[in-house]
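K.L.:
This is model.pdb (PDB, C-alpha atoms and all ligand atoms).
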ATOM      1  CA  MET B   1       0.000   0.000   0.000
ATOM      2  CA  SER B   2       1.607   3.247  -1.084
ATOM      3  CA  ALA B   3       1.617   6.373   1.035
ATOM      4  CA  ARG B   4      -0.674   9.236   0.173
ATOM      5  CA  HIS B   5       0.983  11.867  -1.997
ATOM      6  CA  GLU B   6       1.932  14.949  -0.031
ATOM      7  CA  PRO B   7       0.930  18.079  -1.964
ATOM      8  CA  VAL B   8       3.996  20.160  -2.766
ATOM      9  CA  LEU B   9       4.217  23.908  -1.993
ATOM     10  CA  LEU B  10       0.632  23.791  -0.743
ATOM     11  CA  ALA B  11       0.467  27.200   0.961
ATOM     12  CA  GLU B  12       2.218  28.825  -2.004
ATOM     13  CA  VAL B  13      -0.131  27.172  -4.524
ATOM     14  CA  LEU B  14      -3.178  28.418  -2.596
ATOM     15  CA  SER B  15      -1.797  31.922  -2.256
ATOM     16  CA  PHE B  16      -1.664  32.261  -6.069
ATOM     17  CA  LEU B  17      -4.510  29.986  -7.156
ATOM     18  CA  ARG B  18      -7.293  31.321  -4.885
ATOM     19  CA  ASN B  19      -9.097  33.722  -7.129
ATOM     20  CA  GLY B  20     -12.682  33.921  -5.864
ATOM     21  CA  PRO B  21     -15.727  31.965  -6.974
ATOM     22  CA  GLY B  22     -15.763  30.163 -10.313
ATOM     23  CA  LEU B  23     -14.595  27.047 -12.104
ATOM     24  CA  TYR B  24     -11.086  25.742 -11.429
ATOM     25  CA  LEU B  25      -9.201  23.069 -13.346
ATOM     26  CA  ASP B  26      -6.795  20.735 -11.608
ATOM     27  CA  ALA B  27      -5.186  19.149 -14.671
ATOM     28  CA  THR B  28      -3.031  16.849 -12.530
ATOM     29  CA  LEU B  29      -5.483  15.762  -9.839
ATOM     30  CA  GLY B  30      -3.276  12.955  -8.445
ATOM     31  CA  ASP B  31      -4.344  12.171  -4.883
ATOM     32  CA  GLY B  32      -6.437  15.352  -4.807
ATOM     33  CA  GLY B  33      -4.392  17.070  -2.074
ATOM     34  CA  HIS B  34      -4.176  20.492  -3.718
ATOM     35  CA  ALA B  35      -7.773  20.144  -4.918
ATOM     36  CA  GLU B  36      -9.100  19.382  -1.435
ATOM     37  CA  ALA B  37      -7.271  22.352   0.078
ATOM     38  CA  LEU B  38      -8.530  24.706  -2.643
ATOM     39  CA  LEU B  39     -12.153  23.589  -2.249
ATOM     40  CA  ALA B  40     -11.917  24.004   1.534
ATOM     41  CA  ALA B  41     -10.319  27.457   1.308
ATOM     42  CA  GLU B  42     -12.483  28.865  -1.498
ATOM     43  CA  PRO B  43     -16.173  28.202  -0.779
ATOM     44  CA  GLY B  44     -17.316  29.531  -4.174
ATOM     45  CA  ALA B  45     -14.917  27.286  -6.097
ATOM     46  CA  ARG B  46     -16.098  24.435  -8.303
ATOM     47  CA  LEU B  47     -13.440  22.043  -9.510
ATOM     48  CA  LEU B  48     -12.882  19.925 -12.578
ATOM     49  CA  GLY B  49     -10.144  17.426 -11.722
ATOM     50  CA  CYS B  50      -8.405  15.593 -14.562
ATOM     51  CA  ASP B  51      -5.706  12.950 -14.584
ATOM     52  CA  ARG B  52      -4.495  10.397 -17.089
ATOM     53  CA  ASP B  53      -4.113   7.784 -14.346
ATOM     54  CA  PRO B  54      -7.371   5.912 -13.628
ATOM     55  CA  ALA B  55      -6.102   4.790 -10.192
ATOM     56  CA  ALA B  56      -5.425   8.400  -9.169
ATOM     57  CA  LEU B  57      -8.912   9.421 -10.284
ATOM     58  CA  ALA B  58     -10.545   6.634  -8.289
ATOM     59  CA  PHE B  59      -8.672   7.658  -5.143
ATOM     60  CA  ALA B  60      -9.264  11.399  -5.557
ATOM     61  CA  ARG B  61     -12.944  10.918  -6.365
ATOM     62  CA  GLY B  62     -13.373   9.124  -3.019
ATOM     63  CA  ARG B  63     -11.381  11.748  -1.155
ATOM     64  CA  LEU B  64     -13.416  14.644  -2.567
ATOM     65  CA  THR B  65     -16.946  13.166  -2.233
ATOM     66  CA  GLY B  66     -17.664  15.448   0.723
ATOM     67  CA  PHE B  67     -17.657  18.434  -1.646
ATOM     68  CA  GLY B  68     -20.651  16.988  -3.519
ATOM     69  CA  ASP B  69     -21.499  18.531  -6.868
ATOM     70  CA  ARG B  70     -18.770  21.171  -6.552
ATOM     71  CA  VAL B  71     -16.432  18.498  -7.960
ATOM     72  CA  ALA B  72     -16.321  16.605 -11.248
ATOM     73  CA  VAL B  73     -13.491  14.346 -12.354
ATOM     74  CA  ALA B  74     -12.464  13.182 -15.815
ATOM     75  CA  HIS B  75      -9.934  10.769 -17.256
ATOM     76  CA  ALA B  76      -7.932  13.001 -19.585
ATOM     77  CA  THR B  77      -4.423  13.943 -20.640
ATOM     78  CA  PHE B  78      -3.647  17.629 -21.139
ATOM     79  CA  ARG B  79      -4.406  17.223 -24.827
ATOM     80  CA  GLU B  80      -7.889  15.938 -24.029
ATOM     81  CA  VAL B  81      -8.820  18.613 -21.458
ATOM     82  CA  PRO B  82     -10.318  21.112 -23.977
ATOM     83  CA  ALA B  83     -12.865  18.502 -25.093
ATOM     84  CA  VAL B  84     -13.749  17.812 -21.442
ATOM     85  CA  LEU B  85     -14.206  21.541 -20.794
ATOM     86  CA  ILE B  86     -16.516  21.899 -23.793
ATOM     87  CA  GLU B  87     -18.471  18.823 -22.726
ATOM     88  CA  ALA B  88     -18.849  20.401 -19.263
ATOM     89  CA  GLY B  89     -20.461  23.533 -20.751
ATOM     90  CA  GLY B  90     -17.518  25.608 -21.960
ATOM     91  CA  GLU B  91     -17.280  27.880 -18.907
ATOM     92  CA  LYS B  92     -14.005  29.829 -18.829
ATOM     93  CA  LEU B  93     -11.671  28.979 -15.968
ATOM     94  CA  THR B  94     -11.039  31.147 -12.913
ATOM     95  CA  GLY B  95      -7.940  29.117 -12.092
ATOM     96  CA  ALA B  96      -5.880  26.197 -13.349
ATOM     97  CA  LEU B  97      -3.228  24.066 -11.683
ATOM     98  CA  PHE B  98      -0.561  21.907 -13.329
ATOM     99  CA  ASP B  99       1.464  19.945 -10.774
ATOM    100  CA  LEU B 100       3.598  18.027 -13.248
ATOM    101  CA  GLY B 101       5.372  14.747 -12.808
ATOM    102  CA  LEU B 102       4.515  11.778 -10.684
ATOM    103  CA  SER B 103       2.596  11.202  -7.481
ATOM    104  CA  SER B 104       4.057   9.185  -4.611
ATOM    105  CA  ARG B 105       1.335   6.609  -5.235
ATOM    106  CA  GLN B 106       2.755   6.027  -8.732
ATOM    107  CA  ILE B 107       6.413   6.038  -7.654
ATOM    108  CA  ASP B 108       5.855   3.650  -4.765
ATOM    109  CA  ASP B 109       3.779   1.078  -6.677
ATOM    110  CA  PRO B 110       6.339  -1.493  -7.935
ATOM    111  CA  SER B 111       3.942  -2.738 -10.627
ATOM    112  CA  ARG B 112       4.230   0.644 -12.408
ATOM    113  CA  GLY B 113       8.000   0.394 -12.833
ATOM    114  CA  MET B 114       8.407   4.125 -12.044
ATOM    115  CA  GLY B 115      10.857   4.012  -9.195
ATOM    116  CA  PHE B 116      14.420   3.229 -10.179
ATOM    117  CA  MET B 117      14.983   1.847  -6.667
ATOM    118  CA  THR B 118      12.070  -0.616  -6.740
ATOM    119  CA  ALA B 119      11.914  -3.937  -8.577
ATOM    120  CA  GLY B 120       9.140  -4.315 -11.115
ATOM    121  CA  PRO B 121       8.250  -4.555 -14.783
ATOM    122  CA  LEU B 122       9.669  -1.747 -16.928
ATOM    123  CA  ASP B 123       6.308  -0.107 -17.603
ATOM    124  CA  LEU B 124       6.575   3.644 -16.786
ATOM    125  CA  ARG B 125       3.133   4.542 -18.131
ATOM    126  CA  MET B 126       1.098   6.993 -16.078
ATOM    127  CA  ASP B 127      -1.989   5.445 -17.671
ATOM    128  CA  PRO B 128      -1.608   1.662 -17.696
ATOM    129  CA  SER B 129      -4.844   1.365 -19.704
ATOM    130  CA  ARG B 130      -3.340   2.966 -22.833
ATOM    131  CA  GLY B 131      -0.216   2.931 -24.978
ATOM    132  CA  ARG B 132       2.901   0.778 -24.923
ATOM    133  CA  THR B 133       5.114   0.101 -21.922
ATOM    134  CA  ALA B 134       8.723   1.280 -21.746
ATOM    135  CA  ALA B 135       9.891  -2.312 -22.311
ATOM    136  CA  GLU B 136       7.798  -2.525 -25.491
ATOM    137  CA  ARG B 137       8.936   0.881 -26.750
ATOM    138  CA  LEU B 138      12.587   0.057 -26.036
ATOM    139  CA  ALA B 139      12.365  -3.248 -27.906
ATOM    140  CA  GLY B 140      11.535  -1.359 -31.105
ATOM    141  CA  ALA B 141      13.620   1.772 -30.593
ATOM    142  CA  GLY B 142      16.637   2.714 -32.685
ATOM    143  CA  GLU B 143      19.905   3.870 -31.163
ATOM    144  CA  GLU B 144      19.565   7.412 -32.474
ATOM    145  CA  GLU B 145      16.038   7.904 -31.212
ATOM    146  CA  LEU B 146      17.097   6.604 -27.819
ATOM    147  CA  ALA B 147      20.150   8.841 -27.666
ATOM    148  CA  ALA B 148      17.982  11.891 -28.388
ATOM    149  CA  VAL B 149      15.518  10.863 -25.667
ATOM    150  CA  LEU B 150      18.294  10.458 -23.082
ATOM    151  CA  ARG B 151      19.858  13.772 -24.018
ATOM    152  CA  GLU B 152      16.705  15.881 -24.299
ATOM    153  CA  HIS B 153      14.656  14.526 -21.427
ATOM    154  CA  GLY B 154      17.336  13.426 -18.963
ATOM    155  CA  ASP B 155      20.417  15.541 -19.693
ATOM    156  CA  VAL B 156      22.268  12.199 -19.758
ATOM    157  CA  THR B 157      25.972  12.553 -20.576
ATOM    158  CA  GLY B 158      27.466  10.025 -23.019
ATOM    159  CA  ALA B 159      23.947   9.483 -24.368
ATOM    160  CA  ALA B 160      25.045   7.946 -27.691
ATOM    161  CA  ARG B 161      27.148   5.240 -26.025
ATOM    162  CA  LEU B 162      24.498   4.407 -23.451
ATOM    163  CA  ALA B 163      21.789   4.342 -26.132
ATOM    164  CA  ARG B 164      23.848   1.846 -28.171
ATOM    165  CA  ALA B 165      24.177  -0.425 -25.144
ATOM    166  CA  LEU B 166      20.493  -0.168 -24.203
ATOM    167  CA  ALA B 167      19.287  -0.736 -27.775
ATOM    168  CA  ALA B 168      21.426  -3.893 -27.982
ATOM    169  CA  GLU B 169      20.060  -5.242 -24.664
ATOM    170  CA  ALA B 170      16.487  -4.408 -25.633
ATOM    171  CA  SER B 171      16.742  -6.063 -29.035
ATOM    172  CA  HIS B 172      17.608  -9.322 -27.213
ATOM    173  CA  GLY B 173      14.619  -8.939 -24.892
ATOM    174  CA  ARG B 174      16.833  -8.173 -21.901
ATOM    175  CA  LEU B 175      15.240  -4.858 -20.842
ATOM    176  CA  ARG B 176      11.963  -5.999 -19.360
ATOM    177  CA  THR B 177      12.394  -5.012 -15.703
ATOM    178  CA  THR B 178      13.611  -2.042 -13.703
ATOM    179  CA  ALA B 179      16.477  -4.180 -12.331
ATOM    180  CA  GLN B 180      17.599  -5.148 -15.860
ATOM    181  CA  LEU B 181      17.639  -1.477 -16.864
ATOM    182  CA  ARG B 182      19.661  -0.507 -13.788
ATOM    183  CA  GLU B 183      22.154  -3.295 -14.464
ATOM    184  CA  ALA B 184      22.457  -2.355 -18.140
ATOM    185  CA  ILE B 185      23.190   1.277 -17.148
ATOM    186  CA  ASP B 186      25.859   0.038 -14.709
ATOM    187  CA  ARG B 187      27.485  -2.246 -17.316
ATOM    188  CA  ALA B 188      27.614   0.547 -19.893
ATOM    189  CA  HIS B 189      29.110   2.806 -17.215
ATOM    190  CA  GLY B 190      31.801   0.230 -16.433
ATOM    191  CA  GLY B 191      30.786  -0.214 -12.786
ATOM    192  CA  ARG B 192      28.047   0.852 -10.433
ATOM    193  CA  ALA B 193      26.676   4.153 -11.736
ATOM    194  CA  HIS B 194      25.618   6.967  -9.405
ATOM    195  CA  PRO B 195      21.902   6.774  -8.496
ATOM    196  CA  ARG B 196      21.536  10.191 -10.119
ATOM    197  CA  ARG B 197      22.416   8.618 -13.478
ATOM    198  CA  HIS B 198      19.791   5.916 -12.951
ATOM    199  CA  ALA B 199      17.270   8.624 -12.056
ATOM    200  CA  GLN B 200      18.107  10.644 -15.184
ATOM    201  CA  VAL B 201      17.631   7.628 -17.463
ATOM    202  CA  PHE B 202      14.337   6.624 -15.830
ATOM    203  CA  GLN B 203      13.088  10.197 -16.087
ATOM    204  CA  ALA B 204      14.027  10.452 -19.766
ATOM    205  CA  LEU B 205      12.302   7.162 -20.619
ATOM    206  CA  ARG B 206       9.201   8.112 -18.617
ATOM    207  CA  ILE B 207       8.849  11.440 -20.442
ATOM    208  CA  TRP B 208       9.252   9.618 -23.765
ATOM    209  CA  VAL B 209       6.815   6.782 -22.978
ATOM    210  CA  ASN B 210       4.127   9.215 -21.814
ATOM    211  CA  ASP B 211       4.816  11.758 -24.549
ATOM    212  CA  GLU B 212       4.939  14.355 -21.784
ATOM    213  CA  ALA B 213       6.688  17.123 -23.717
ATOM    214  CA  ALA B 214       4.048  17.147 -26.478
ATOM    215  CA  ASP B 215       1.272  17.037 -23.900
ATOM    216  CA  LEU B 216       2.669  20.033 -22.038
ATOM    217  CA  GLU B 217       3.068  21.852 -25.331
ATOM    218  CA  ALA B 218      -0.619  21.239 -26.117
ATOM    219  CA  ALA B 219      -1.635  22.651 -22.725
ATOM    220  CA  LEU B 220       0.474  25.771 -23.219
ATOM    221  CA  GLN B 221      -1.330  26.302 -26.525
ATOM    222  CA  TRP B 222      -4.916  25.989 -25.255
ATOM    223  CA  LEU B 223      -4.468  27.704 -21.874
ATOM    224  CA  PRO B 224      -4.923  31.328 -23.029
ATOM    225  CA  GLY B 225      -8.283  30.460 -24.574
ATOM    226  CA  ALA B 226      -9.453  28.410 -21.589
ATOM    227  CA  LEU B 227      -9.009  31.015 -18.843
ATOM    228  CA  ARG B 228     -11.287  33.980 -18.289
ATOM    229  CA  PRO B 229      -9.651  37.414 -18.189
ATOM    230  CA  GLY B 230      -8.177  37.670 -14.694
ATOM    231  CA  GLY B 231      -7.951  33.860 -14.427
ATOM    232  CA  VAL B 232      -4.819  32.427 -12.854
ATOM    233  CA  VAL B 233      -2.591  29.509 -13.828
ATOM    234  CA  VAL B 234      -0.158  27.905 -11.388
ATOM    235  CA  THR B 235       2.470  25.437 -12.589
ATOM    236  CA  ILE B 236       4.875  23.222 -10.672
ATOM    237  CA  ALA B 237       7.653  21.621 -12.712
ATOM    238  CA  PHE B 238      10.159  19.078 -11.451
ATOM    239  CA  HIS B 239      12.886  19.374 -14.046
ATOM    240  CA  GLY B 240      14.649  22.212 -15.776
ATOM    241  CA  GLY B 241      13.425  21.503 -19.323
ATOM    242  CA  GLU B 242       9.763  21.669 -18.342
ATOM    243  CA  ASP B 243      10.223  24.768 -16.208
ATOM    244  CA  ARG B 244      12.110  26.524 -19.013
ATOM    245  CA  ARG B 245       9.415  25.706 -21.535
ATOM    246  CA  ILE B 246       6.623  26.972 -19.248
ATOM    247  CA  LYS B 247       8.517  30.187 -18.537
ATOM    248  CA  GLN B 248       9.259  30.752 -22.190
ATOM    249  CA  ALA B 249       5.705  30.079 -23.376
ATOM    250  CA  LEU B 250       3.833  32.012 -20.698
ATOM    251  CA  ARG B 251       6.197  34.978 -20.732
ATOM    252  CA  GLY B 252       5.178  35.435 -24.322
ATOM    253  CA  ALA B 253       8.174  34.158 -26.280
ATOM    254  CA  ARG B 254       6.659  32.984 -29.513
ATOM    255  CA  VAL B 255       9.515  30.972 -30.937
ATOM    256  CA  MET B 256      10.264  27.663 -29.290
ATOM    257  CA  ARG B 257      13.749  27.060 -30.672
ATOM    258  CA  PRO B 258      15.130  30.025 -32.593
ATOM    259  CA  ALA B 259      17.270  28.938 -35.533
ATOM    260  CA  ARG B 260      19.909  31.405 -34.354
ATOM    261  CA  ARG B 261      20.340  33.668 -31.380
ATOM    262  CA  LEU B 262      19.048  37.161 -32.037
ATOM    263  CA  PRO B 263      20.559  40.115 -30.205
ATOM    264  CA  GLU B 264      18.413  41.205 -27.252
ATOM    265  CA  ILE B 265      17.250  44.804 -27.031
ATOM    266  CA  PRO B 266      18.062  46.045 -23.500
ATOM    267  CA  GLY B 267      14.947  46.396 -21.337
ATOM    268  CA  GLU B 268      12.818  44.777 -24.020
ATOM    269  CA  ARG B 269      11.078  41.793 -22.429
ATOM    270  CA  PRO B 270       8.501  39.998 -24.557
ATOM    271  CA  SER B 271       5.297  41.519 -23.235
ATOM    272  CA  GLU B 272       2.929  40.928 -26.107
ATOM    273  CA  GLY B 273       1.623  37.680 -24.609
ATOM    274  CA  PRO B 274      -1.704  37.249 -22.844
ATOM    275  CA  TRP B 275      -0.122  36.667 -19.418
ATOM    276  CA  GLU B 276       1.007  38.815 -16.519
ATOM    277  CA  GLU B 277       3.612  37.020 -14.443
ATOM    278  CA  LEU B 278       2.738  36.862 -10.733
ATOM    279  CA  THR B 279       5.928  35.141  -9.587
ATOM    280  CA  ARG B 280       8.772  37.564 -10.129
ATOM    281  CA  ARG B 281      11.149  34.724  -9.394
ATOM    282  CA  VAL B 282      10.578  31.010  -9.408
ATOM    283  CA  VAL B 283       9.201  29.739  -6.073
ATOM    284  CA  THR B 284      10.917  26.716  -4.513
ATOM    285  CA  PRO B 285      10.188  24.731  -1.340
ATOM    286  CA  SER B 286      11.559  25.882   1.996
ATOM    287  CA  PRO B 287      14.260  23.808   3.731
ATOM    288  CA  ALA B 288      11.576  22.751   6.233
ATOM    289  CA  GLU B 289       9.376  21.389   3.434
ATOM    290  CA  THR B 290      12.190  19.459   1.740
ATOM    291  CA  ALA B 291      13.255  18.040   5.121
ATOM    292  CA  ARG B 292       9.693  16.810   5.690
ATOM    293  CA  ASN B 293       9.131  15.729   2.083
ATOM    294  CA  PRO B 294      12.364  15.133   0.122
ATOM    295  CA  ARG B 295      10.338  14.535  -3.056
ATOM    296  CA  ALA B 296       9.494  18.256  -3.087
ATOM    297  CA  ARG B 297      13.208  19.030  -3.548
ATOM    298  CA  SER B 298      13.244  19.979  -7.225
ATOM    299  CA  ALA B 299       9.792  21.637  -7.399
ATOM    300  CA  ARG B 300       9.666  24.994  -9.207
ATOM    301  CA  LEU B 301       6.433  26.987  -9.023
ATOM    302  CA  ARG B 302       5.336  29.784 -11.341
ATOM    303  CA  ALA B 303       2.044  31.691 -11.508
ATOM    304  CA  PHE B 304       0.522  33.844 -14.258
ATOM    305  CA  ARG B 305      -2.672  35.875 -14.611
ATOM    306  CA  ARG B 306      -4.625  36.098 -17.871
ATOM    307  CA  LYS B 307      -4.662  39.765 -18.917
ATOM    308  CA  GLN B 308      -7.992  41.553 -19.216
ATOM    309  CA  SER B 309      -7.967  41.916 -22.988
TER     310      SER B 309
HETATM  311  C1  LIG B 401       2.509  15.295  -8.826
HETATM  312  S1  LIG B 401       1.030  14.413  -9.117
HETATM  313  C2  LIG B 401      -0.245  15.521  -8.600
HETATM  314  C3  LIG B 401      -0.511  15.482  -7.123
HETATM  315  C4  LIG B 401      -1.674  16.345  -6.688
HETATM  316  N1  LIG B 401      -1.434  17.747  -6.939
HETATM  317  C5  LIG B 401      -1.991  16.115  -5.220
HETATM  318  O1  LIG B 401      -1.954  17.075  -4.436
HETATM  319  O2  LIG B 401      -2.277  14.968  -4.834
HETATM  320  C6  LIG B 401       0.879  14.494 -10.846
HETATM  321  C7  LIG B 401      -0.334  13.779 -11.406
HETATM  322  O3  LIG B 401      -0.527  14.284 -12.716
HETATM  323  C8  LIG B 401      -0.794  13.265 -13.614
HETATM  324  N2  LIG B 401      -0.267  13.715 -14.908
HETATM  325  C9  LIG B 401       1.012  14.018 -15.202
HETATM  326  N3  LIG B 401       1.122  14.407 -16.481
HETATM  327  C10 LIG B 401      -0.131  14.382 -17.002
HETATM  328  C11 LIG B 401      -0.674  14.692 -18.279
HETATM  329  N4  LIG B 401       0.113  15.086 -19.276
HETATM  330  N5  LIG B 401      -2.007  14.567 -18.466
HETATM  331  C12 LIG B 401      -2.803  14.161 -17.434
HETATM  332  N6  LIG B 401      -2.345  13.836 -16.210
HETATM  333  C13 LIG B 401      -1.026  13.948 -15.986
HETATM  334  C14 LIG B 401      -0.105  12.044 -13.053
HETATM  335  O4  LIG B 401      -0.769  10.869 -13.463
HETATM  336  C15 LIG B 401      -0.185  12.276 -11.542
HETATM  337  O5  LIG B 401      -1.290  11.628 -10.970
END
Do you think you could lay out the structure here as structure tokens?

P.N.:
Amino acid sequence: MSARHEPVLLAEVLSFLRNGPGLYLDATLGDGGHAEALLAAEPGARLLGCDRDPAALAFARGRLTGFGDRVAVAHATFREVPAVLIEAGGEKLTGALFDLGLSSRQIDDPSRGMGFMTAGPLDLRMDPSRGRTAAERLAGAGEEELAAVLREHGDVTGAARLARALAAEASHGRLRTTAQLREAIDRAHGGRAHPRRHAQVFQALRIWVNDEAADLEAALQWLPGALRPGGVVVTIAFHGGEDRRIKQALRGARVMRPARRLPEIPGERPSEGPWEELTRRVVTPSPAETARNPRARSARLRAFRRKQS
């Protein structure tokens, strides 16, 4: 039985997300910790909670029953949220929360293959009811694709060499469990690799298997149209790439990867976007929070308000 997920930066999330009565979206409902606190603190709030993980939805639905018809939940990835919103009547959002990454329930369940410390099948899907597992994806992956995944989603050094080793193992059906992956990383490293390297590889494969980058990109595209003027979006990212992309998109930078660096005009910050940034600097957990909940360690919170026009 896995422990309940402890909501990260809870007081900070509420301080930005509370925005009066209206409809709120929790796009990453998880165990419903942030959702429960918001509904308790904001009596006029109604909440649509979405998650791609059916087990998370079942748990959160039970946890939030006391709020009656103020809560609705839906099985949806970020890409599917706009259809859910339309289905629910098309009301514009007063607030939206994206608490990216994994819940403790997912990490601690060995059958999900998420934790690089636990023994289990190499699955890594947030939604076990859809798509192919990491083991299945690896079995058909080419070296180059794998190297790009390791580099882009895990900042893994020596990605090409490791990808060659992993592709060879996978093609012989020897990458079916978390232990086999750990051992293959160690062999390619020439001895026991640092746990950080294991963590980077697991993270990269998880982002790939769940197509997380494309899903986040979709959300960043539909968000401006989904919030009412004055509506607030709060994001919590757990790795640099995601945080950078959120910052870039919501600050109004239009180009994702410029072909070449253009000279910056002093004092000229992109301001043409629909968002006003509420967090002047990224918000991170206090030492007390990380001592109590080490999984909060890399959390990076940002908040933005939809401009009036
Ligand atoms: C960190 S947990 C959220 C915890 C929650 N805030 C709480 O207080 O219990 C992240 C959740 O978001 C879900 N998730 C992550 N990426 C998603 C995506 N692209 N679409 C839908 N759900 C996603 C995961 O399945 C997981 O349950």

K.L.:
If you count all atoms listed in the file, which residues end up within 8 Å of ligand LIG 401 (chain B), as a PyMOL selection string?

P.N.:
chain B and resi 4-8+26-35+50-53+56-57+60+75-79+98-104+106+126-127+210-212+215-216

K.L.:
Take the point (3.9, 30.3, -21.0) in the file's coordinates, draw a sphere of radius 10 Å around it, and report as a ChimeraX atom specification every protein, DNA or RNA residue with an atom inside or on it, counting only C-alpha atoms.

P.N.:
/B:217,219-221,223-224,233,235,243-254,273-275,277,302-304

K.L.:
Within 7 Å of region 154-164 of chain B, counting all atoms listed in the file, which residues show up once you throw out same-chain ones fewer than 3 positions away? Write them as a VMD selection string, please.

P.N.:
chain B and resid 143 146 to 147 150 to 151 167 to 168 188 200 to 201 203 to 204

K.L.:
Between CA of Ala74 (chain B) and CA of Ala55 (chain B), what is the distance, to one decimal in Å?

P.N.:
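Separation between CA of Ala74 (chain B) and CA of Ala55 (chain B): 11.9 Å.
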
K.L.:
Which of these, B:Arg105, B:His239, B:Arg292, B:Arg176, has the shortest distance to Ala213 (chain B) once you count only C-alpha atoms?

P.N.:
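Comparing B:Arg105, B:His239, B:Arg292, B:Arg176 against Ala213 (chain B), the winner is B:His239.
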
K.L.:
Which is closer to Ala226 (chain B) than all the others in B:Glu145, B:Glu289, B:Glu91, B:Glu12, using only C-alpha atoms?

P.N.:
B:Glu91
